[in-house]
Structures are given as structure tokens and as C-alpha cells.
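A.B. asks: My questions all concern the structure below.
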Amino acid sequence: MNPATPGRLAVNRLRERLPVDPAALDRFVARHGSPIVEGERATFLFRGDADEVRVRHRVVGLPDPLEMRRLPGTDLWAATTDLPHGSRVEYQLETRRGEDYERFNDPLNPRIAHSPLGSSSVCAAVGYEVPDWALPDPEARPGELVDDVLHSKALRREQPVRLYLPARYSTALRYPLLIVHDGTDYLDYASMKTVLDNLIHRLDVAPLVAAFVPPRDRLKEYPNHAPHARFVARELLPTLSERLPLLETPQGRCLMGSSFGGIASLSTAVRYPGLFGSLLLQSASLVFTDIGLDHGGGPAFDPVVKFVNRYRAKPTAPVERLFMSCGTYEPLITPNRSMVPVFRSTGMTVKYVEARDGHNWEDWRDRLRDGLSWIFPGPQKLVYE
Amino acid sequence: MRTVLLGPQRFMTTAGTALRSLGVAGPVATINAGWEEREDVVDELDQVLGGDTRHLRLYHRTLDVLEKDAAFAAGALALRDRHEELLSLYRLRLQHALEGVYTLQRRLGGAAAAAARLEAGGDAGPPAYGALDDAIEGVRHVDAWYAAQLKSLYAGFDEESPVESSGVIGWHRGELGALLDGCAALAVAGGNVGTLLRALRLFAIRVPDALPVVAWSAGAMAMTERVVLFHDFAPDGASEAEVFDRGLGRVPGVVALPHARRRLRLDDADRCAVMARRFTDQHCLLLDDGTAIEIRPDGGLPSGARILGIDGAVHELRRAAS
């Protein structure tokens, strides 16, 4: 991938030189890789024989699939699209050979993002950089992850919980508590331990205890599920408060989650108003309908829509402060934007942040500093070296 | 009484020069509790101050007290919780009070327009200008409310956890008094100003008038009457300057602003104007890299000191100010 370069696109310059021999194509691909990012344009490349080649992505506003075209007389396929400054897009390529379809990561692009559903290639625009606080910092003192298991009557099972204790953890102090839905995924795919270590080290975020809680049956437990809420509010929180030196006020407690985990956080707070001081919702699945129930999200979204519709009809303020983030390229951007004034109308203090990214774990990782430093600000204001 | 306030020492070390300018002979006591667990990493500090130092180690002494005096530790923890709770209420009130000020200020066309109207004799709309004054007075009222509540928190704490009955605190206080008595000057370093102030308070550090002091960053803040926290470039965006606690009061009439260039939006005249007018009974003194301000014998600032003006601009004092 190349930095911004003015003038004609590299692929168009190549087109003008056609026909070229395969060695020239090899050199072109080796030199540019894929995608070729030039200013606010990205050109995706693929080499090989196929009947059709497409770029598959989930960017709202761009055609999906994005058809690639073969350069005449070559086995090189290309498609060019807009890519605004600071964007980050996850994608795969799809080929059709007869009736045979195949999807795979871009073989010409070494940049890969991972998620519980697999991996994708990453196209980063000019202006996007992985935040340095998301990368391991040898100077940051590491916190500790401790595995625990709680017996949950509400969920009727043993519920694993992974606790994060900050560096220099001391029972003589009091810590805020962050309860993280999809906890294992946040650790595995959003580098959340590294992020916490770094943000605490940099004084951006207060030293805190985090409880990373994985679901078992996510689609059942996360959209407004009474046993899940009871587990969080009546079992997990009291147990942690008893075992750990935690702040005792609601302001010292935050529930967070992304996608359905955002709904789990919000619905738990709504069921137990005043217990938590803040919520951190990332790309929450705040799907609703204004009339009827044809939401287009499939059966999994039925309980979500029911919950959000009911909340919209009678909005409440279950917490004082609400941080929301959403990617502008994901389908959930419209519902998230629509909910900001609804939440604000209840008197909650709402901070809402958007990014040119999609519904993915690296987007959620990149927004963690915005959210955590707002909810649990570190002692930076106290330190004057 | 001789006191020198310095800017940050990280990139431009001037503490040694300042100390030498005071012409002191004898050991230098140091307070660097703001460095917290790095309090004992003093090689560089020793070198800068000439080597003959007596480190008071207030942070480690605080830990010792917390470990040995369980009753005091419990009280201190409760006080900290109450202080946090008070701060969160104060921040809420402050934010809303300042939002009102900024809204009025925008209506009036900003600090520059206000200054122009003042120069023109105020005939461009005195009633509206009075509204801004009154709104800023409202912010001062919130500051004063917080300070009064904090004072009462401390009074309650002193009543519940009398330090006089703590043998370990008494022992440390005695030792510290003796240490200070034997020193020719005191150097107070920066770091976490909250930790520093708590340690100064716990050990009832009173700096004798006759003892020359060199203090920088958080140390300089601790020398003033009113410690004001500020950071316009925090990751969650600009946060409002807030009164935090009382300092030792050795330098009256000054709000110390270390790292002003790095931490304040000095190019936002409206915001700076509000800050200067909010603390209008004091000078908002900028302490940037290389700054060295020797407080005058009458407690005033010398000429050359850089302060925030009520027009939101940075001004250099042409004449000494008391």
C-alpha cells in the first residue's frame, strides 16, 4: 500500500501501458501490493483466473459486492473505490468459477484483522493508524488477569469470569469496576488488557478492576434477558464487591459491551436503574421500528427490537453517563445516531463518538480510550512533573 | 522569606541554578512525595541540588503510617472516598456553571469584544456585560462552596481520626521537624499534587519563613494558597480548571500553572479570559520550561512574570505586582 500520491491512479497508468508481459504485472503487484491507497481512493487487486472476482465488505454506502474488472489480456483484476481520510475497512475477496464460489482474505494484503467469526483483510486509508496505546508498551506496568468461576443461580451454571487487576493493585485502595460483555473477545480481539495497561500507565484512565464475562448462548442471553441481568446485578456485582476493594457508589461502576453486548449492558441497566453510574456502548444493536415489526434483522433481532421499541416509547435514565461509539460504515450507524437524542432527552449525559470504520473488534479497540478516559478519567489532571 | 518557583525540570533543569542564586550553605531538604513509588530514585535530583541533600521521604512515611496505624488508615480511606464524592458533585456544578459563562460569552462576541467594550467605556451593552460578570461570580460561588465543604470534610476527619493520638505519626513528625531544622534550604519537586498535598498535611509540614525554598511544578502549586488543577488536552477533551485543595500558602495571591503551554489552550482567549476572571483576586502565573520566579519580599510577583490577563492573553508583568 502506498501513501497518498496525486495524479492518475497507478492502475490507470498500467492500463495505458497494456499489453504488458506477465513479468511487468508481477513487478506492478510486487511494488504496490493490495489495496493501492492513493489519496482518498483505494484500488483492490487480484491475480488469477476466474469468471468473476468481487470485493466483499459491509460498508454502508458502497456497492457490496464491489465487482472487480479484469485488465484486458491479463489475469489481473482491479476495482477502485472511494476511501476517505482516516477510514479503515475490513473486506474479503470472492471468486466465481462456474457455479463454484470461494471467499478468502486478500492474498496480496498481509494486513489481517481477527474476530470470533474468523479473519478479514484490512484496508487502511491515509490518516488511519493503529493507536500507539493499543500496542504493547514495555514501559507500561502490566496488570494481572485472574481466572475465576462463579456459581450462578440465575443462569443455572458455573459462569467463568476473568478479572483484570491493575498494576500496583492494593487492597488499601478503592477501584472502579468495569463489567465487560463478550469479555473473552474483548481480550482476544480488541487487545483490551494491553489497552488497559497502557491507558492506566499513561494516566489517561484511572486504575480499575475489570470483569471480563463471556456469554454461553449470546443470542439468547444478551438481548434483554432477565436471568442475565439478574446474574450481573445480583450475583456478579455483589460477589466482586465482597471480594475486592471496589468503590461503593454507582459512579464507580460501568457496564460495557459491543453489538448485542451493548444491548445486554443497556437492558441490564434498565432493569436495575441506579445500580450502575455509566454505560459504554460500542456499535450497540439499537435496532427499532417506528411502525410494525419488520426490522429486517432476522429472528435474532426480534427481542432486541421489542426492547428498543419499548425503551423508545418510554425512555428512562438508568445511569448518569452514557458513552456511545459507532462506525459510520456499519448498518447500525442510523439507529445509533437516532438514539442519541432519545438518551439525552432522559437527562443522561451522553458522549457520542463516530469513526470511519465498521462493525468490528479493531474499531471497538480504537475507541476504548475515548470511552474509558471519559468514564473513568485517570489522574492526569493531578500530575505536574 | 525567599521562595523561587520554577517551571518543569524535565527538559530544562534550573533547580540547581536557582538554589545557588539563593546563596544557601548547608544541606538541602527535599520533598518529592509527588513522585510516589519513585520517591527514592533521587540520583539525578541529588546531582542537580549539589549532593548535600536530606530526603524527607514523605510518600514512604505515609505508607508506613497507613501500614502501622489501622485506625488512621481506615479514616484516611473514608476521607478519600468522601473527597472523591465531593469532587464529582463539584465537577457537575462547575461544568454547568461554566457552560453558562461560555454561552453568555459567545452571545457577547468573545473576550476580545468584551475587552474592546471595556476600553470604550462599557457603552456597548453594560447590562449584558453584567450578566457575564454575574455568571462568573456564580462559578466563584461554586468554587467557594467546594472549598467550604472540603474544609468541613477535613474538620470531620481530624475529629474522627485525631493524628495527635497516633504514635507513628507523632514519631514521623518529630523526625521531620528535626530534619528540617538542620537544613539550609528546601526543594519541593513536582509529580502528583494530590499525593504531595496529602503528605504535607499528614505530617503537618510547616516551612519556616527563614528557610529558602525552591519549588517546581506540583511543588510550586503546593506553595500557593489555592491549588487549581487544569488540563485542556486530556484524552477526553478539555476539562474545566478546578480548585482542588489548599496549599501551604507561602506564596499568596498566585494560582500556579505549571506546563501552561502544554496543558492550557493559550490560543483560546475566551477560555483563558474566563479563567483569569474567575481567579481575579489572584495572578494566574504561567510556569513553563525555563521559568524562574523569585517571589518578592512583600509576597508579590517580580517584573517579567507571565500571567493570564482578563482579556485572555498572556502578559508579562512590566512592573512588580503585589
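Residues are named by chain letter and number: chains run A, B, ... in the order of the C-alpha cells, numbers start at 1 in each chain, and ligands are numbered from 1 in the order shown.
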Please run DSSP on the backbone and report, as a PyMOL selection string, all residues within range 56-235 of chain B that come out as strand (DSSP E or B).
C.D. replies: chain B and resi 185-188+191-192+213-216+224+226-231
A.B. asks: Under the rule of at most 7 Å, produce a per-residue listing of range 25-66 of chain A near range 84-102 of chain A: chain, number, name, the closest pair of atoms, and the distance in Å, as CSV, using only C-alpha atoms.
C.D. replies:
```
residue,atom,partner,partner_atom,distance
A:Glu40,CA,A:Pro84,CA,5.0
A:Ala50,CA,A:Arg97,CA,5.2
A:Asp51,CA,A:Arg97,CA,5.2
A:Glu52,CA,A:Arg96,CA,5.0
A:Val53,CA,A:Thr95,CA,4.5
A:Arg54,CA,A:Glu94,CA,5.1
A:Val55,CA,A:Leu93,CA,4.7
A:Arg56,CA,A:Gln92,CA,5.2
A:His57,CA,A:Tyr91,CA,4.5
```
A.B. asks: Taking only C-alpha atoms into account, what are the residues of chain A at most 12 Å from chain B, put as JSON, numbers by chain?
C.D. replies: {"A": [133, 168, 170, 171, 172, 173, 174, 175, 176, 199, 202, 203, 204, 205, 245, 246, 247, 248, 249, 250, 251, 252, 277, 320, 321, 323, 349, 351, 352, 353, 367, 368, 369, 370, 371, 372, 373, 374, 375, 376, 377, 378, 379, 380, 381, 382, 383, 384, 385]}
A.B. asks: Please save N, CA and C atoms of the selected residues as a compact mmCIF listing (two decimals), in the first residue's frame.
C.D. replies:
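Once everything was written out, this is result_17.txt:
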```txt
# COMPACT_ATOMS: atom_id res chain seq x y z
N TRP A 133 -1.36 3.40 21.90
CA TRP A 133 -1.76 2.84 23.20
C TRP A 133 -2.43 1.47 23.06
N ARG A 168 0.17 -2.48 40.43
CA ARG A 168 0.23 -1.89 41.77
C ARG A 168 -1.10 -2.00 42.52
N SER A 170 -3.73 -2.70 45.10
CA SER A 170 -3.58 -2.72 46.56
C SER A 170 -4.94 -2.77 47.22
N THR A 171 -5.06 -3.61 48.22
CA THR A 171 -6.34 -3.70 48.94
C THR A 171 -6.57 -2.47 49.80
N ALA A 172 -5.56 -1.63 49.94
CA ALA A 172 -5.74 -0.40 50.73
C ALA A 172 -6.43 0.69 49.91
N LEU A 173 -6.63 0.45 48.63
CA LEU A 173 -7.26 1.46 47.78
C LEU A 173 -8.66 0.99 47.38
N ARG A 174 -9.38 1.87 46.71
CA ARG A 174 -10.72 1.52 46.18
C ARG A 174 -10.70 1.72 44.66
N TYR A 175 -11.25 0.75 43.94
CA TYR A 175 -11.18 0.81 42.48
C TYR A 175 -12.57 0.87 41.86
N PRO A 176 -12.68 1.57 40.72
CA PRO A 176 -13.91 1.45 39.94
C PRO A 176 -13.98 0.07 39.28
N LEU A 199 -3.29 2.60 29.05
CA LEU A 199 -4.05 3.81 29.40
C LEU A 199 -3.91 4.13 30.89
N ARG A 202 -0.42 5.58 31.31
CA ARG A 202 -0.32 6.96 30.80
C ARG A 202 -1.20 7.93 31.58
N LEU A 203 -1.85 7.46 32.61
CA LEU A 203 -2.71 8.29 33.46
C LEU A 203 -3.98 8.75 32.74
N ASP A 204 -4.26 8.15 31.58
CA ASP A 204 -5.47 8.52 30.86
C ASP A 204 -6.71 7.93 31.53
N VAL A 205 -6.54 6.80 32.14
CA VAL A 205 -7.66 6.08 32.75
C VAL A 205 -7.27 5.74 34.19
N PRO A 245 -11.58 -4.66 46.66
CA PRO A 245 -11.75 -3.29 47.18
C PRO A 245 -12.31 -2.37 46.10
N LEU A 246 -13.62 -2.34 45.98
CA LEU A 246 -14.26 -1.57 44.91
C LEU A 246 -14.94 -0.33 45.49
N LEU A 247 -15.05 0.70 44.66
CA LEU A 247 -15.82 1.88 45.05
C LEU A 247 -17.27 1.44 45.27
N GLU A 248 -17.90 2.04 46.25
CA GLU A 248 -19.24 1.56 46.60
C GLU A 248 -20.36 2.35 45.94
N THR A 249 -20.01 3.41 45.23
CA THR A 249 -21.06 4.24 44.64
C THR A 249 -21.34 3.81 43.20
N PRO A 250 -22.55 4.09 42.69
CA PRO A 250 -22.84 3.76 41.29
C PRO A 250 -21.85 4.40 40.33
N GLN A 251 -21.34 5.60 40.68
CA GLN A 251 -20.40 6.28 39.79
C GLN A 251 -19.14 5.46 39.56
N GLY A 252 -18.88 4.53 40.45
CA GLY A 252 -17.70 3.69 40.32
C GLY A 252 -17.97 2.40 39.56
N GLY A 277 -23.34 3.57 37.37
CA GLY A 277 -23.27 5.00 37.10
C GLY A 277 -23.13 5.31 35.62
N GLU A 320 -26.13 7.69 34.91
CA GLU A 320 -25.89 9.13 34.78
C GLU A 320 -25.20 9.47 33.47
N ARG A 321 -24.25 8.62 33.11
CA ARG A 321 -23.39 8.95 31.96
C ARG A 321 -23.36 7.79 30.97
N PHE A 323 -21.59 6.57 27.31
CA PHE A 323 -20.68 6.75 26.19
C PHE A 323 -21.12 5.82 25.07
N THR A 349 -26.11 12.25 30.68
CA THR A 349 -25.04 12.92 29.95
C THR A 349 -24.49 11.92 28.94
N LYS A 351 -22.01 11.02 25.69
CA LYS A 351 -20.90 11.35 24.79
C LYS A 351 -20.96 10.36 23.63
N TYR A 352 -21.03 10.88 22.44
CA TYR A 352 -21.20 10.02 21.26
C TYR A 352 -20.05 10.27 20.29
N VAL A 353 -19.42 9.19 19.87
CA VAL A 353 -18.24 9.29 19.01
C VAL A 353 -18.44 8.40 17.78
N ARG A 367 -11.65 2.80 19.88
CA ARG A 367 -12.50 3.79 20.57
C ARG A 367 -12.41 3.64 22.09
N LEU A 368 -11.63 2.68 22.57
CA LEU A 368 -11.62 2.42 24.01
C LEU A 368 -11.08 3.60 24.80
N ARG A 369 -10.08 4.28 24.25
CA ARG A 369 -9.53 5.41 25.02
C ARG A 369 -10.58 6.51 25.19
N ASP A 370 -11.30 6.80 24.10
CA ASP A 370 -12.34 7.83 24.19
C ASP A 370 -13.33 7.50 25.31
N GLY A 371 -13.76 6.25 25.32
CA GLY A 371 -14.81 5.85 26.26
C GLY A 371 -14.30 5.72 27.69
N LEU A 372 -13.20 4.99 27.85
CA LEU A 372 -12.74 4.72 29.22
C LEU A 372 -12.21 5.98 29.89
N SER A 373 -11.53 6.84 29.12
CA SER A 373 -10.97 8.05 29.75
C SER A 373 -12.08 9.03 30.11
N TRP A 374 -13.22 8.90 29.46
CA TRP A 374 -14.36 9.78 29.80
C TRP A 374 -15.11 9.23 31.01
N ILE A 375 -15.22 7.92 31.07
CA ILE A 375 -16.00 7.33 32.17
C ILE A 375 -15.17 7.25 33.45
N PHE A 376 -13.95 6.79 33.32
CA PHE A 376 -13.09 6.70 34.49
C PHE A 376 -11.78 7.46 34.21
N PRO A 377 -11.84 8.80 34.21
CA PRO A 377 -10.63 9.56 33.85
C PRO A 377 -9.48 9.28 34.82
N GLY A 378 -8.30 9.23 34.26
CA GLY A 378 -7.12 8.95 35.08
C GLY A 378 -6.66 10.19 35.82
N PRO A 379 -5.60 10.04 36.59
CA PRO A 379 -5.14 11.15 37.43
C PRO A 379 -4.28 12.17 36.69
N GLN A 380 -4.39 12.18 35.34
CA GLN A 380 -3.52 13.08 34.57
C GLN A 380 -3.62 14.53 35.05
N LYS A 381 -4.82 14.92 35.46
CA LYS A 381 -5.03 16.30 35.88
C LYS A 381 -4.30 16.63 37.19
N LEU A 382 -3.91 15.56 37.89
CA LEU A 382 -3.23 15.78 39.18
C LEU A 382 -1.72 15.78 39.05
N VAL A 383 -1.23 15.36 37.89
CA VAL A 383 0.22 15.14 37.79
C VAL A 383 0.90 16.27 37.02
N TYR A 384 1.85 16.90 37.66
CA TYR A 384 2.63 18.00 37.08
C TYR A 384 4.09 17.70 37.37
N GLU A 385 4.73 16.98 36.43
CA GLU A 385 6.12 16.55 36.67
C GLU A 385 7.08 17.72 36.54
```
A.B. asks: Nearest to Ala33 in chain B: which of B:Val168, B:Val142, B:Leu92, B:Leu200 is it, counting only C-alpha atoms?
C.D. replies: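 Result for the nearest residue to Ala33 in chain B: B:Leu200.
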A.B. asks: Quick one: pull the distance between CA of Asp147 in chain A and CA of Arg162 in chain A, Å, one decimal.
C.D. replies: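 Distance between the two atoms: 4.5 Å.
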A.B. asks: Give me every helix (DSSP H, G or I) residue in range 114-303 of chain B, going by DSSP on the backbone, as a PyMOL selection string.
C.D. replies: chain B and resi 114-119+126-160+163-165+167-181+193-202+218-223+260-263+269-278
A.B. asks: For a quick check of understanding, using only C-alpha atoms, which of A:Ala229, A:Ala125, A:Leu163, A:Leu83 has the smallest distance to Val146 in chain A?
C.D. replies: A:Leu163
A.B. asks: Might you pull out every residue within 9 Å of Thr62 in chain B, with only C-alpha atoms counted and same-chain residues fewer than 6 positions away left off, and present them as a list of chain:residue names?
C.D. replies: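 Counting only C-alpha atoms, the residues come to B:Ile169, B:Arg198, B:Ala199, B:Leu202, B:Phe203.
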A.B. asks: Which neighbours of range 171-179 of chain B fall inside 12 Å, counting only C-alpha atoms, when residues of the same chain fewer than 6 positions from it are skipped, and could you give them as a PDB file with N, CA and C atoms, in the first residue's frame?
C.D. replies:
```pdb
ATOM      1  N   PRO B  27      22.993  21.654  54.070  1.00  0.00           N
ATOM      2  CA  PRO B  27      22.190  20.622  53.413  1.00  0.00           C
ATOM      3  C   PRO B  27      20.832  21.143  52.935  1.00  0.00           C
ATOM      4  N   VAL B  28      20.363  20.495  51.876  1.00  0.00           N
ATOM      5  CA  VAL B  28      19.070  20.873  51.292  1.00  0.00           C
ATOM      6  C   VAL B  28      18.066  19.755  51.568  1.00  0.00           C
ATOM      7  N   ALA B  29      16.982  20.125  52.232  1.00  0.00           N
ATOM      8  CA  ALA B  29      15.904  19.144  52.440  1.00  0.00           C
ATOM      9  C   ALA B  29      15.122  19.007  51.137  1.00  0.00           C
ATOM     10  N   THR B  30      14.686  17.795  50.837  1.00  0.00           N
ATOM     11  CA  THR B  30      13.888  17.614  49.613  1.00  0.00           C
ATOM     12  C   THR B  30      12.553  16.949  49.944  1.00  0.00           C
ATOM     13  N   ILE B  31      11.541  17.417  49.252  1.00  0.00           N
ATOM     14  CA  ILE B  31      10.226  16.763  49.313  1.00  0.00           C
ATOM     15  C   ILE B  31       9.861  16.395  47.880  1.00  0.00           C
ATOM     16  N   THR B  53      22.006  16.538  50.320  1.00  0.00           N
ATOM     17  CA  THR B  53      20.538  16.571  50.428  1.00  0.00           C
ATOM     18  C   THR B  53      20.054  15.709  51.597  1.00  0.00           C
ATOM     19  N   ARG B  54      18.910  16.093  52.104  1.00  0.00           N
ATOM     20  CA  ARG B  54      18.227  15.283  53.142  1.00  0.00           C
ATOM     21  C   ARG B  54      16.813  15.012  52.625  1.00  0.00           C
ATOM     22  N   HIS B  55      16.587  13.788  52.189  1.00  0.00           N
ATOM     23  CA  HIS B  55      15.293  13.469  51.597  1.00  0.00           C
ATOM     24  C   HIS B  55      14.269  13.159  52.692  1.00  0.00           C
ATOM     25  N   LEU B  56      13.189  13.913  52.694  1.00  0.00           N
ATOM     26  CA  LEU B  56      12.201  13.729  53.768  1.00  0.00           C
ATOM     27  C   LEU B  56      11.346  12.482  53.562  1.00  0.00           C
ATOM     28  N   ARG B  57      11.258  11.968  52.349  1.00  0.00           N
ATOM     29  CA  ARG B  57      10.573  10.695  52.039  1.00  0.00           C
ATOM     30  C   ARG B  57       9.138  10.664  52.577  1.00  0.00           C
ATOM     31  N   LEU B  58       8.400  11.703  52.285  1.00  0.00           N
ATOM     32  CA  LEU B  58       7.047  11.797  52.848  1.00  0.00           C
ATOM     33  C   LEU B  58       6.110  10.716  52.300  1.00  0.00           C
ATOM     34  N   TYR B  59       6.332  10.314  51.060  1.00  0.00           N
ATOM     35  CA  TYR B  59       5.445   9.281  50.485  1.00  0.00           C
ATOM     36  C   TYR B  59       5.652   7.956  51.220  1.00  0.00           C
ATOM     37  N   HIS B  60       6.894   7.593  51.409  1.00  0.00           N
ATOM     38  CA  HIS B  60       7.157   6.331  52.094  1.00  0.00           C
ATOM     39  C   HIS B  60       6.741   6.399  53.564  1.00  0.00           C
ATOM     40  N   ARG B  61       6.892   7.565  54.140  1.00  0.00           N
ATOM     41  CA  ARG B  61       6.422   7.722  55.531  1.00  0.00           C
ATOM     42  C   ARG B  61       4.890   7.576  55.585  1.00  0.00           C
ATOM     43  N   THR B  62       4.222   8.096  54.561  1.00  0.00           N
ATOM     44  CA  THR B  62       2.762   7.944  54.518  1.00  0.00           C
ATOM     45  C   THR B  62       2.385   6.471  54.465  1.00  0.00           C
ATOM     46  N   LEU B  63       3.075   5.717  53.607  1.00  0.00           N
ATOM     47  CA  LEU B  63       2.800   4.274  53.522  1.00  0.00           C
ATOM     48  C   LEU B  63       3.055   3.596  54.859  1.00  0.00           C
ATOM     49  N   ASP B  64       4.110   4.033  55.534  1.00  0.00           N
ATOM     50  CA  ASP B  64       4.443   3.453  56.836  1.00  0.00           C
ATOM     51  C   ASP B  64       3.313   3.701  57.838  1.00  0.00           C
ATOM     52  N   VAL B  65       2.773   4.932  57.813  1.00  0.00           N
ATOM     53  CA  VAL B  65       1.664   5.260  58.722  1.00  0.00           C
ATOM     54  C   VAL B  65       0.455   4.394  58.389  1.00  0.00           C
ATOM     55  N   LYS B  68       0.982   0.913  59.701  1.00  0.00           N
ATOM     56  CA  LYS B  68       1.102   0.684  61.149  1.00  0.00           C
ATOM     57  C   LYS B  68      -0.085   1.198  61.958  1.00  0.00           C
ATOM     58  N   VAL B 163      -4.840  12.854  64.723  1.00  0.00           N
ATOM     59  CA  VAL B 163      -3.468  12.389  64.468  1.00  0.00           C
ATOM     60  C   VAL B 163      -2.609  12.491  65.719  1.00  0.00           C
ATOM     61  N   GLU B 164      -3.029  13.358  66.645  1.00  0.00           N
ATOM     62  CA  GLU B 164      -2.216  13.520  67.866  1.00  0.00           C
ATOM     63  C   GLU B 164      -2.142  12.213  68.658  1.00  0.00           C
ATOM     64  N   SER B 165      -3.176  11.384  68.505  1.00  0.00           N
ATOM     65  CA  SER B 165      -3.174  10.144  69.283  1.00  0.00           C
ATOM     66  C   SER B 165      -2.414   9.024  68.571  1.00  0.00           C
ATOM     67  N   ALA B 185      17.981  24.867  53.198  1.00  0.00           N
ATOM     68  CA  ALA B 185      17.003  25.206  52.160  1.00  0.00           C
ATOM     69  C   ALA B 185      16.099  23.998  51.954  1.00  0.00           C
ATOM     70  N   LEU B 186      15.009  24.246  51.244  1.00  0.00           N
ATOM     71  CA  LEU B 186      14.076  23.156  50.939  1.00  0.00           C
ATOM     72  C   LEU B 186      13.790  23.161  49.448  1.00  0.00           C
ATOM     73  N   ALA B 199       0.471  14.293  51.806  1.00  0.00           N
ATOM     74  CA  ALA B 199       1.632  14.011  52.651  1.00  0.00           C
ATOM     75  C   ALA B 199       2.003  15.249  53.475  1.00  0.00           C
ATOM     76  N   LEU B 200       1.953  16.411  52.852  1.00  0.00           N
ATOM     77  CA  LEU B 200       2.288  17.648  53.584  1.00  0.00           C
ATOM     78  C   LEU B 200       1.322  17.843  54.746  1.00  0.00           C
ATOM     79  N   ARG B 201       0.066  17.509  54.492  1.00  0.00           N
ATOM     80  CA  ARG B 201      -0.960  17.704  55.514  1.00  0.00           C
ATOM     81  C   ARG B 201      -0.791  16.673  56.638  1.00  0.00           C
ATOM     82  N   LEU B 202      -0.559  15.430  56.255  1.00  0.00           N
ATOM     83  CA  LEU B 202      -0.426  14.362  57.253  1.00  0.00           C
ATOM     84  C   LEU B 202       0.697  14.678  58.236  1.00  0.00           C
ATOM     85  N   PHE B 203       1.807  15.157  57.691  1.00  0.00           N
ATOM     86  CA  PHE B 203       2.953  15.381  58.577  1.00  0.00           C
ATOM     87  C   PHE B 203       3.057  16.838  59.023  1.00  0.00           C
ATOM     88  N   ALA B 204       1.983  17.586  58.772  1.00  0.00           N
ATOM     89  CA  ALA B 204       1.888  18.977  59.229  1.00  0.00           C
ATOM     90  C   ALA B 204       3.161  19.749  58.909  1.00  0.00           C
ATOM     91  N   ILE B 205       3.592  19.629  57.661  1.00  0.00           N
ATOM     92  CA  ILE B 205       4.823  20.319  57.273  1.00  0.00           C
ATOM     93  C   ILE B 205       4.587  21.827  57.278  1.00  0.00           C
ATOM     94  N   ARG B 206       5.324  22.510  58.094  1.00  0.00           N
ATOM     95  CA  ARG B 206       5.292  23.980  58.123  1.00  0.00           C
ATOM     96  C   ARG B 206       6.692  24.448  57.755  1.00  0.00           C
ATOM     97  N   VAL B 207       6.775  25.167  56.694  1.00  0.00           N
ATOM     98  CA  VAL B 207       8.103  25.600  56.251  1.00  0.00           C
ATOM     99  C   VAL B 207       8.416  26.925  56.932  1.00  0.00           C
ATOM    100  N   PRO B 208       9.469  26.946  57.741  1.00  0.00           N
ATOM    101  CA  PRO B 208       9.803  28.210  58.423  1.00  0.00           C
ATOM    102  C   PRO B 208      10.050  29.330  57.413  1.00  0.00           C
TER     103      PRO B 208
END
```
A.B. asks: Pick out the closest residue to Ser283 in chain A from this set: A:Ala206, A:Leu236, A:Val11, A:Ile333. Count only C-alpha atoms.
C.D. replies: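 Checking each of A:Ala206, A:Leu236, A:Val11, A:Ile333 against Ser283 in chain A, counting only C-alpha atoms, the winner is A:Ile333.
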A.B. asks: For Val209 in chain A, find every residue with an atom within 6 Å (counting only C-alpha atoms), except residues of its own chain fewer than 4 positions away, and show them as a PyMOL selection string.
C.D. replies: chain A and resi 164-165+177
A.B. asks: Just want the 9 Å neighbourhood of Pro223 in chain A, counted on only C-alpha atoms, with same-chain residues fewer than 2 positions away dropped. Output as an NGL selection string.
C.D. replies: :A and (218-221 or 225 or 260-264 or 267 or 300-305 or 307)
A.B. asks: Might you pull out every residue within 12 Å of Gly138 in chain B, with only C-alpha atoms counted and same-chain residues fewer than 5 positions away left off, and present them as a PyMOL selection string?
C.D. replies: chain B and resi 93-101+131-133+143-145+277-278
A.B. asks: Quick one: pull the distance between CA of Asn198 in chain A and CA of Tyr169 in chain A, Å, one decimal.
C.D. replies: 15.1 Å
